[in-house]
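K.L.:
What follows is model38.txt; its format and atoms are compact mmCIF, C-alpha atoms.
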# COMPACT_ATOMS: atom_id res chain seq x y z
CA MET T 1347 19.09 26.46 -23.92
CA ALA T 1348 16.40 26.40 -21.27
CA LYS T 1349 15.38 29.52 -19.39
CA LEU T 1350 15.15 28.63 -15.69
CA THR T 1351 13.79 30.81 -12.90
CA LEU T 1352 13.80 30.35 -9.15
CA LYS T 1353 11.44 32.43 -7.04
CA ILE T 1354 10.50 32.63 -3.41
CA VAL T 1355 7.00 33.98 -2.86
CA ASP T 1356 5.03 34.65 0.30
CA LYS T 1357 1.58 33.44 1.32
CA ASP T 1358 0.00 36.16 -0.83
CA LYS T 1359 2.09 35.08 -3.88
CA GLN T 1360 4.13 38.26 -3.69
CA ILE T 1361 7.67 37.74 -4.98
CA ILE T 1362 10.28 38.01 -2.22
CA CYS T 1363 13.27 37.28 -4.44
CA GLU T 1364 14.04 35.66 -7.78
CA ARG T 1365 16.83 34.79 -10.19
CA THR T 1366 16.83 33.64 -13.81
CA GLY T 1367 19.49 31.88 -15.86
CA GLU T 1368 20.04 29.72 -18.91
CA ASP T 1369 20.41 25.98 -18.18
CA PHE T 1370 21.47 26.81 -14.60
CA VAL T 1371 20.38 29.20 -11.90
CA ASP T 1372 21.04 29.33 -8.17
CA LEU T 1373 19.60 31.44 -5.39
CA VAL T 1374 20.94 32.36 -1.95
CA TYR T 1375 18.16 33.42 0.42
CA MET T 1376 19.40 35.22 3.55
CA HIS T 1377 16.19 35.29 5.57
CA GLU T 1378 14.09 32.95 7.66
CA TYR T 1379 11.15 31.37 5.88
CA GLN T 1380 7.66 32.37 7.00
CA GLU T 1381 4.65 30.10 7.01
CA GLY T 1382 3.01 30.17 3.59
CA ASP T 1383 6.26 30.77 1.69
CA CYS T 1384 6.77 28.77 -1.50
CA ILE T 1385 9.61 28.04 -3.88
CA LEU T 1386 8.64 28.35 -7.54
CA VAL T 1387 10.60 26.63 -10.30
CA GLU T 1388 9.71 27.99 -13.72
CA THR T 1389 10.99 26.95 -17.13
CA ASP T 1390 10.19 27.87 -20.72
CA THR T 1391 10.73 24.21 -21.67
CA ARG T 1392 8.18 21.57 -20.71
CA LYS T 1393 9.12 17.92 -20.28
CA ILE T 1394 12.64 18.64 -19.11
CA HIS T 1395 15.13 16.73 -16.96
CA LEU T 1396 16.52 18.85 -14.15
CA ASN T 1397 18.82 18.61 -11.17
CA LEU T 1398 16.88 20.39 -8.46
CA GLN T 1399 17.84 21.40 -4.93
CA VAL T 1400 15.12 23.10 -2.90
CA ASP T 1401 17.24 22.99 0.26
CA ASP T 1402 20.89 22.17 0.88
CA ALA T 1403 19.95 19.83 3.76
CA LEU T 1404 17.82 17.71 1.40
CA GLY T 1405 20.36 17.58 -1.41
CA ALA T 1406 19.75 17.52 -5.14
CA ALA T 1407 17.09 15.50 -6.93
CA PHE T 1408 17.18 14.29 -10.55
CA VAL T 1409 13.64 15.12 -11.62
CA TYR T 1410 11.48 15.30 -14.73
CA LEU T 1411 9.35 18.43 -14.88
CA THR T 1412 6.27 18.63 -17.10
CA ASP T 1413 5.11 22.04 -15.88
CA ASN T 1414 6.17 24.77 -13.47
CA LEU T 1415 6.65 23.61 -9.90
CA GLU T 1416 5.36 25.08 -6.65
CA TYR T 1417 7.13 23.70 -3.58
CA ARG T 1418 5.55 24.65 -0.27
CA ILE T 1419 7.99 25.26 2.58
CA PRO T 1420 6.93 22.80 5.33
CA PHE T 1421 6.08 24.07 8.81
CA GLY T 1422 4.91 22.45 12.02
CA GLU T 1423 3.90 18.81 11.71
CA LYS T 1424 4.74 18.83 8.00
CA ARG T 1425 8.37 19.57 8.83
CA ILE T 1426 9.25 16.68 11.14
CA CYS T 1427 9.67 14.18 8.30
CA HIS T 1428 12.66 16.27 7.13
CA SER T 1429 16.05 16.88 8.68
CA PRO T 1430 15.77 19.57 11.39
CA LYS T 1431 18.40 21.47 9.40
CA ALA T 1432 16.11 21.68 6.34
CA PHE T 1433 14.51 25.08 5.70
CA TYR T 1434 15.84 26.30 9.06
CA GLY T 1435 17.70 29.52 9.81
CA SER T 1436 18.52 32.51 7.63
CA ARG T 1437 20.90 31.05 5.05
CA HIS T 1438 19.53 28.87 2.25
CA TYR T 1439 21.04 27.67 -1.03
CA LEU T 1440 18.79 26.55 -3.89
CA TYR T 1441 19.58 25.67 -7.47
CA VAL T 1442 18.15 24.14 -10.61
CA GLU T 1443 20.01 23.09 -13.73
CA LYS T 1444 19.18 21.39 -16.98
CA THR T 1445 20.57 17.87 -16.66
CA PRO T 1446 23.36 17.15 -19.15
CA GLU T 1447 22.53 14.41 -21.66
CA TYR T 1448 25.25 12.08 -20.38
CA HIS T 1449 23.82 12.42 -16.88
CA VAL T 1450 20.27 11.68 -18.03
CA GLN T 1451 21.46 8.37 -19.53
CA MET T 1452 23.04 7.09 -16.32
CA TYR T 1453 21.82 3.88 -14.66
CA ARG T 1454 20.51 4.95 -11.27
CA ASN T 1455 17.68 4.82 -8.75
CA LEU T 1456 14.96 6.53 -10.77
CA ALA T 1457 12.51 6.56 -7.84
CA LEU T 1458 14.63 8.97 -5.78
CA ASN T 1459 13.10 12.40 -5.18
CA PRO T 1460 13.71 14.17 -1.85
CA ALA T 1461 11.73 17.14 -3.24
CA ASP T 1462 8.47 15.20 -3.67
CA GLN T 1463 5.27 16.59 -2.13
CA HIS T 1464 1.59 15.65 -2.32
CA ARG T 1465 0.81 18.49 -4.72
CA ASN T 1466 3.85 17.96 -6.97
CA THR T 1467 2.02 16.16 -9.76
CA PHE T 1468 4.17 17.90 -12.42
CA CYS T 1469 7.47 16.80 -10.85
CA TYR T 1470 8.58 13.19 -11.19
CA PRO T 1471 9.23 10.72 -9.69
CA HIS T 1472 6.12 11.13 -7.56
CA ALA T 1473 4.82 8.81 -4.84
CA SER T 1474 1.14 8.38 -3.96
CA ALA T 1475 -0.82 5.92 -1.85
CA ASN T 1476 -4.39 5.08 -0.90
CA VAL T 1477 -3.57 5.42 2.81
CA GLU T 1478 -1.05 7.26 5.00
CA THR T 1479 -1.32 6.56 8.73
CA ARG T 1480 -3.50 9.24 10.36
CA GLY T 1481 -2.48 11.64 7.58
CA GLU T 1482 0.78 12.33 9.42
CA SER T 1483 3.78 13.54 7.46
CA VAL T 1484 6.10 10.96 9.03
CA PHE T 1485 3.99 8.21 7.39
CA ALA T 1486 3.48 9.82 3.97
CA ALA T 1487 4.12 7.95 0.72
CA LYS T 1488 6.77 10.48 -0.32
CA ASN T 1489 8.98 9.30 2.55
CA ALA T 1490 9.53 6.05 0.65
CA ILE T 1491 11.42 7.88 -2.13
CA ASP T 1492 13.34 10.53 -0.17
CA GLY T 1493 16.61 8.58 -0.10
CA VAL T 1494 16.67 8.03 3.68
CA ARG T 1495 17.12 4.30 4.33
CA ALA T 1496 17.21 4.37 8.15
CA ASN T 1497 14.71 1.70 9.24
CA LEU T 1498 15.53 0.68 12.83
CA SER T 1499 12.95 2.98 14.42
CA HIS T 1500 9.81 4.92 13.43
CA GLY T 1501 8.49 8.46 13.64
CA GLU T 1502 10.41 11.69 13.05
CA TRP T 1503 13.34 12.02 10.60
CA PRO T 1504 15.44 10.02 9.85
CA TYR T 1505 12.92 7.27 10.64
CA GLU T 1506 10.06 8.56 8.47
CA SER T 1507 8.32 5.85 6.44
CA TRP T 1508 5.18 4.97 4.51
CA GLY T 1509 2.67 3.77 7.10
CA ILE T 1510 -0.47 1.86 6.09
CA ASN T 1511 -2.66 2.33 9.19
CA ARG T 1512 -3.38 -1.43 9.29
CA GLN T 1513 -5.31 -1.12 6.01
CA LYS T 1514 -5.47 -4.49 4.27
CA ASP T 1515 -5.79 -3.08 0.76
CA ALA T 1516 -2.96 -0.55 1.20
CA ALA T 1517 -1.12 0.30 -2.01
CA ILE T 1518 1.67 2.64 -3.05
CA ARG T 1519 2.51 3.85 -6.55
CA ILE T 1520 5.55 5.55 -8.04
CA ASP T 1521 4.98 7.53 -11.25
CA PHE T 1522 7.98 8.42 -13.42
CA GLY T 1523 6.26 10.82 -15.84
CA ARG T 1524 7.97 9.27 -18.88
CA MET T 1525 9.13 5.86 -20.07
CA ILE T 1526 11.95 4.23 -18.15
CA ARG T 1527 13.65 0.84 -18.41
CA THR T 1528 14.11 -1.00 -15.11
CA ASP T 1529 15.49 -4.39 -14.10
CA ARG T 1530 15.93 -4.03 -10.33
CA VAL T 1531 13.81 -3.02 -7.34
CA VAL T 1532 15.10 -2.68 -3.79
CA LEU T 1533 12.93 -2.41 -0.68
CA TYR T 1534 13.93 -1.29 2.80
CA THR T 1535 11.09 -2.43 5.03
CA ARG T 1536 10.85 -0.83 8.46
CA ALA T 1537 12.53 -3.02 11.06
CA ASP T 1538 11.77 -1.47 14.45
CA PHE T 1539 11.24 -4.90 16.01
CA PRO T 1540 9.30 -5.83 18.12
CA HIS T 1541 7.23 -2.67 17.53
CA ASP T 1542 7.06 -3.53 13.83
CA SER T 1543 5.82 -6.52 11.94
CA TRP T 1544 6.87 -7.30 8.37
CA TRP T 1545 5.43 -8.48 5.06
CA THR T 1546 6.03 -12.04 3.95
CA ARG T 1547 4.89 -11.27 0.41
CA VAL T 1548 4.07 -8.24 -1.71
CA THR T 1549 2.99 -7.86 -5.33
CA LEU T 1550 4.57 -5.43 -7.76
CA HIS T 1551 2.50 -4.19 -10.70
CA PHE T 1552 4.00 -2.48 -13.74
CA SER T 1553 2.44 -0.16 -16.29
CA ASP T 1554 3.14 -2.72 -19.05
CA GLY T 1555 0.49 -4.97 -17.47
CA SER T 1556 2.90 -7.42 -15.82
CA ASP T 1557 3.21 -8.19 -12.12
CA ILE T 1558 5.58 -10.03 -9.80
CA ASP T 1559 4.83 -11.73 -6.47
CA TRP T 1560 7.79 -11.15 -4.17
CA ASN T 1561 8.49 -13.18 -1.01
CA LEU T 1562 10.15 -11.19 1.78
CA LYS T 1563 11.81 -12.05 5.09
CA LYS T 1564 12.04 -10.42 8.50
CA SER T 1565 15.13 -8.26 8.03
CA SER T 1566 16.58 -4.79 8.36
CA LEU T 1567 18.68 -5.44 5.26
CA PRO T 1568 17.63 -4.45 1.75
CA HIS T 1569 15.34 -6.82 -0.17
CA VAL T 1570 16.62 -7.01 -3.76
CA LEU T 1571 14.59 -8.18 -6.75
CA GLU T 1572 16.14 -8.50 -10.21
CA PHE T 1573 14.16 -9.35 -13.36
CA PRO T 1574 14.32 -9.04 -17.15
CA ALA T 1575 14.19 -5.36 -18.10
CA LYS T 1576 10.75 -3.76 -18.40
CA GLU T 1577 9.83 -0.48 -20.06
CA ILE T 1578 7.30 1.26 -17.83
CA THR T 1579 5.92 4.63 -16.74
CA TRP T 1580 4.86 3.58 -13.24
CA ILE T 1581 5.19 0.82 -10.65
CA SER T 1582 2.85 0.01 -7.76
CA MET T 1583 2.96 -2.34 -4.78
CA ASP T 1584 -0.04 -3.94 -3.03
CA GLN T 1585 -1.37 -7.28 -1.72
CA LEU T 1586 0.86 -6.77 1.31
CA ILE T 1587 0.74 -10.04 3.28
CA LYS T 1588 1.61 -9.42 6.93
CA ALA T 1589 3.59 -11.97 8.93
CA ASP T 1590 1.85 -13.97 11.66
CA ASP T 1591 3.26 -11.69 14.32
CA PRO T 1592 1.70 -9.85 17.30
CA SER T 1593 2.66 -6.44 15.94
CA PRO T 1594 0.11 -4.84 13.56
CA PHE T 1595 2.63 -2.35 12.14
CA PRO T 1596 4.50 -3.29 8.96
CA ALA T 1597 5.78 -0.27 7.02
CA LEU T 1598 8.05 0.74 4.16
CA SER T 1599 11.13 2.90 4.69
CA GLN T 1600 12.31 3.08 1.09
CA ILE T 1601 11.69 1.76 -2.41
CA GLU T 1602 14.37 2.07 -5.07
CA VAL T 1603 13.76 1.42 -8.77
CA TYR T 1604 16.98 1.10 -10.77
CA GLY T 1605 17.23 1.66 -14.49
CA THR T 1606 17.65 4.17 -17.29
CA VAL T 1607 15.47 6.76 -19.01
CA VAL T 1608 13.98 5.68 -22.34
CA ASP T 1609 12.32 8.94 -23.41
CA CYS T 1610 14.78 11.84 -23.17
Could you render the structure from this file as structure tokens?
P.N.:
Amino acid sequence: MAKLTLKIVDKDKQIICERTGEDFVDLVYMHEYQEGDCILVETDTRKIHLNLQVDDALGAAFVYLTDNLEYRIPFGEKRICHSPKAFYGSRHYLYVEKTPEYHVQMYRNLALNPADQHRNTFCYPHASANVETRGESVFAAKNAIDGVRANLSHGEWPYESWGINRQKDAAIRIDFGRMIRTDRVVLYTRADFPHDSWWTRVTLHFSDGSDIDWNLKKSSLPHVLEFPAKEITWISMDQLIKADDPSPFPALSQIEVYGTVVDC
């Protein structure tokens, strides 16, 4: 059994409310969030698979936690990459549960994590990049793993994306925190044409030392790449070759990495 605790704390780290349970705990918070509030997820078991919901508008995430998690409630500009229903109002439902073994073993998109944040280096999967356009939340790397595939526009939710600010050496990386086995990657490139351009080729790098050059087309449809299964802990994408097109703005709406967990 895993002891799980959910807390909401204010900007001074004072506990507003909390609940604790074994293998499952939920929390109903009947107040409006204030700037500086955080959600804390605490467990007496490190390296644990969890189903985590920090807000009912975001939905649950299958995550791998290696330490306690602090999730900062977004406000202002940091909020517009989320649904306007997220973290809004005075009625919130949160939960965390230890993932059943049969659920851990499922073949799924192991890059999906709508609860990812810049600081969440103990909660996987986690997205990072060497550039995010103007540092704006609507162009953050985490948007590429939040499960929102809408790619026919750009800017506020649901059209958030990973933006590269025209940087030629732009790169994004997805860390899984443990070994996974994958044989399929799907990309949704942003397709707000003619505002957007597109990439004709990208290169995927894997933690096992292998890489794949991937030719892409101008499309709003998913790009699907299948390959012999690889056991990896991270995947990255760089060498983004832009099309010969007047627009300087290629971007990534979503990356999906399908497979199973090796280390449980």
K.L.:
List the neighbours of region 1572-1589 of chain T out to 7 Å using all atoms listed in the file; skip same-chain residues closer than 3 positions along the sequence, and give me the result as an MDAnalysis selection string.
P.N.:
chainID T and resid 1515:1531 1543:1554
K.L.:
Find the residue from T:Arg1437, T:Arg1480, T:Lys1488, T:His1449 that sits nearest to Asp1462 (chain T); use all atoms listed in the file when measuring.
P.N.:
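Distance minimum relative to Asp1462 (chain T) lands on T:Lys1488.
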K.L.:
What's the 12 Å shell around Tyr1448 (chain T), counting only C-alpha atoms, without same-chain residues fewer than 2 positions away, as a list in words?
P.N.:
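So the residues in contact are His1395, Lys1444, Thr1445, Pro1446, Val1450, Gln1451, Met1452, Tyr1453, Thr1606, Val1607 and Cys1610 of chain T.
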K.L.:
Write a file of the just-selected residues containing C-alpha atoms, as a compact mmCIF listing (two decimals), keeping the file's coordinate frame.
P.N.:
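What follows is the written file selection18.txt:
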# COMPACT_ATOMS: atom_id res chain seq x y z
CA HIS T 1395 15.13 16.73 -16.96
CA LYS T 1444 19.18 21.39 -16.98
CA THR T 1445 20.57 17.87 -16.66
CA PRO T 1446 23.36 17.15 -19.15
CA VAL T 1450 20.27 11.68 -18.03
CA GLN T 1451 21.46 8.37 -19.53
CA MET T 1452 23.04 7.09 -16.32
CA TYR T 1453 21.82 3.88 -14.66
CA THR T 1606 17.65 4.17 -17.29
CA VAL T 1607 15.47 6.76 -19.01
CA CYS T 1610 14.78 11.84 -23.17
K.L.:
Report as JSON lines the residues of region 1386-1489 of chain T within 10 Å of region 1354-1363 of chain T, each with its shortest atom pair and distance in Å (one decimal), using only C-alpha atoms, ordered by chain and increasing residue number.
P.N.:
{"residue": "T:Leu1386", "atom": "CA", "partner": "T:Ile1354", "partner_atom": "CA", "distance": 6.2}
{"residue": "T:Val1387", "atom": "CA", "partner": "T:Ile1354", "partner_atom": "CA", "distance": 9.1}
{"residue": "T:Glu1416", "atom": "CA", "partner": "T:Ile1354", "partner_atom": "CA", "distance": 9.7}
{"residue": "T:Tyr1417", "atom": "CA", "partner": "T:Ile1354", "partner_atom": "CA", "distance": 9.5}
{"residue": "T:Arg1418", "atom": "CA", "partner": "T:Lys1357", "partner_atom": "CA", "distance": 9.8}
{"residue": "T:Ile1419", "atom": "CA", "partner": "T:Ile1354", "partner_atom": "CA", "distance": 9.8}
K.L.:
Suppose we keep C-alpha atoms; can you now write the selection as a short mmCIF file (atom, residue, chain, number, x, y, z; two decimals), keeping the file's coordinate frame?
P.N.:
data_model
loop_
_atom_site.label_atom_id
_atom_site.label_comp_id
_atom_site.auth_asym_id
_atom_site.auth_seq_id
_atom_site.Cartn_x
_atom_site.Cartn_y
_atom_site.Cartn_z
CA LEU T 1386 8.64 28.35 -7.54
CA VAL T 1387 10.60 26.63 -10.30
CA GLU T 1416 5.36 25.08 -6.65
CA TYR T 1417 7.13 23.70 -3.58
CA ARG T 1418 5.55 24.65 -0.27
CA ILE T 1419 7.99 25.26 2.58
#
K.L.:
List the residues sitting within 12 Å of (21.8, 25.7, -22.4) in the file's frame, using only C-alpha atoms, as a list in words.
P.N.:
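It turns out the residues near that spot are Met1347, Ala1348, Lys1349, Leu1350, Gly1367, Glu1368, Asp1369, Phe1370, Val1371, Asp1390, Thr1391, Leu1396, Glu1443, Lys1444, Thr1445, Pro1446 and Glu1447 of chain T.
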K.L.:
Can you tell me, as a PyMOL selection string, which residues sit within 12 Å of (-0.9, 1.8, 7.8) in the file's frame, using all atoms listed in the file?
P.N.:
chain T and resi 1475-1482+1484-1487+1507-1518+1542-1544+1586+1588+1594-1598
K.L.:
I'd like to know which of T:Asp1557, T:Glu1388, T:Glu1423, T:Glu1506 is closest to Cys1469 (chain T), using all atoms listed in the file.
P.N.:
T:Glu1388
K.L.:
From the options T:Ser1436, T:Asn1414, T:Asn1489, T:Ser1429, which residue's atoms come nearest to Ala1457 (chain T), counting all atoms listed in the file?
P.N.:
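The closest residue to Ala1457 (chain T) is T:Asn1489.
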K.L.:
Identify which of the residues T:Ala1403, T:Ala1537, T:Leu1458, T:Ile1491 lies closest to Gly1435 (chain T), counting all atoms listed in the file when measuring atom-to-atom distances.
P.N.:
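Using all atoms listed in the file, the shortest distance to Gly1435 (chain T) belongs to T:Ala1403.
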K.L.:
One decimal, Å: what's the distance from CA of Val1532 (chain T) over to CA of His1472 (chain T), could you say?
P.N.:
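Interatomic distance here is 16.9 Å.
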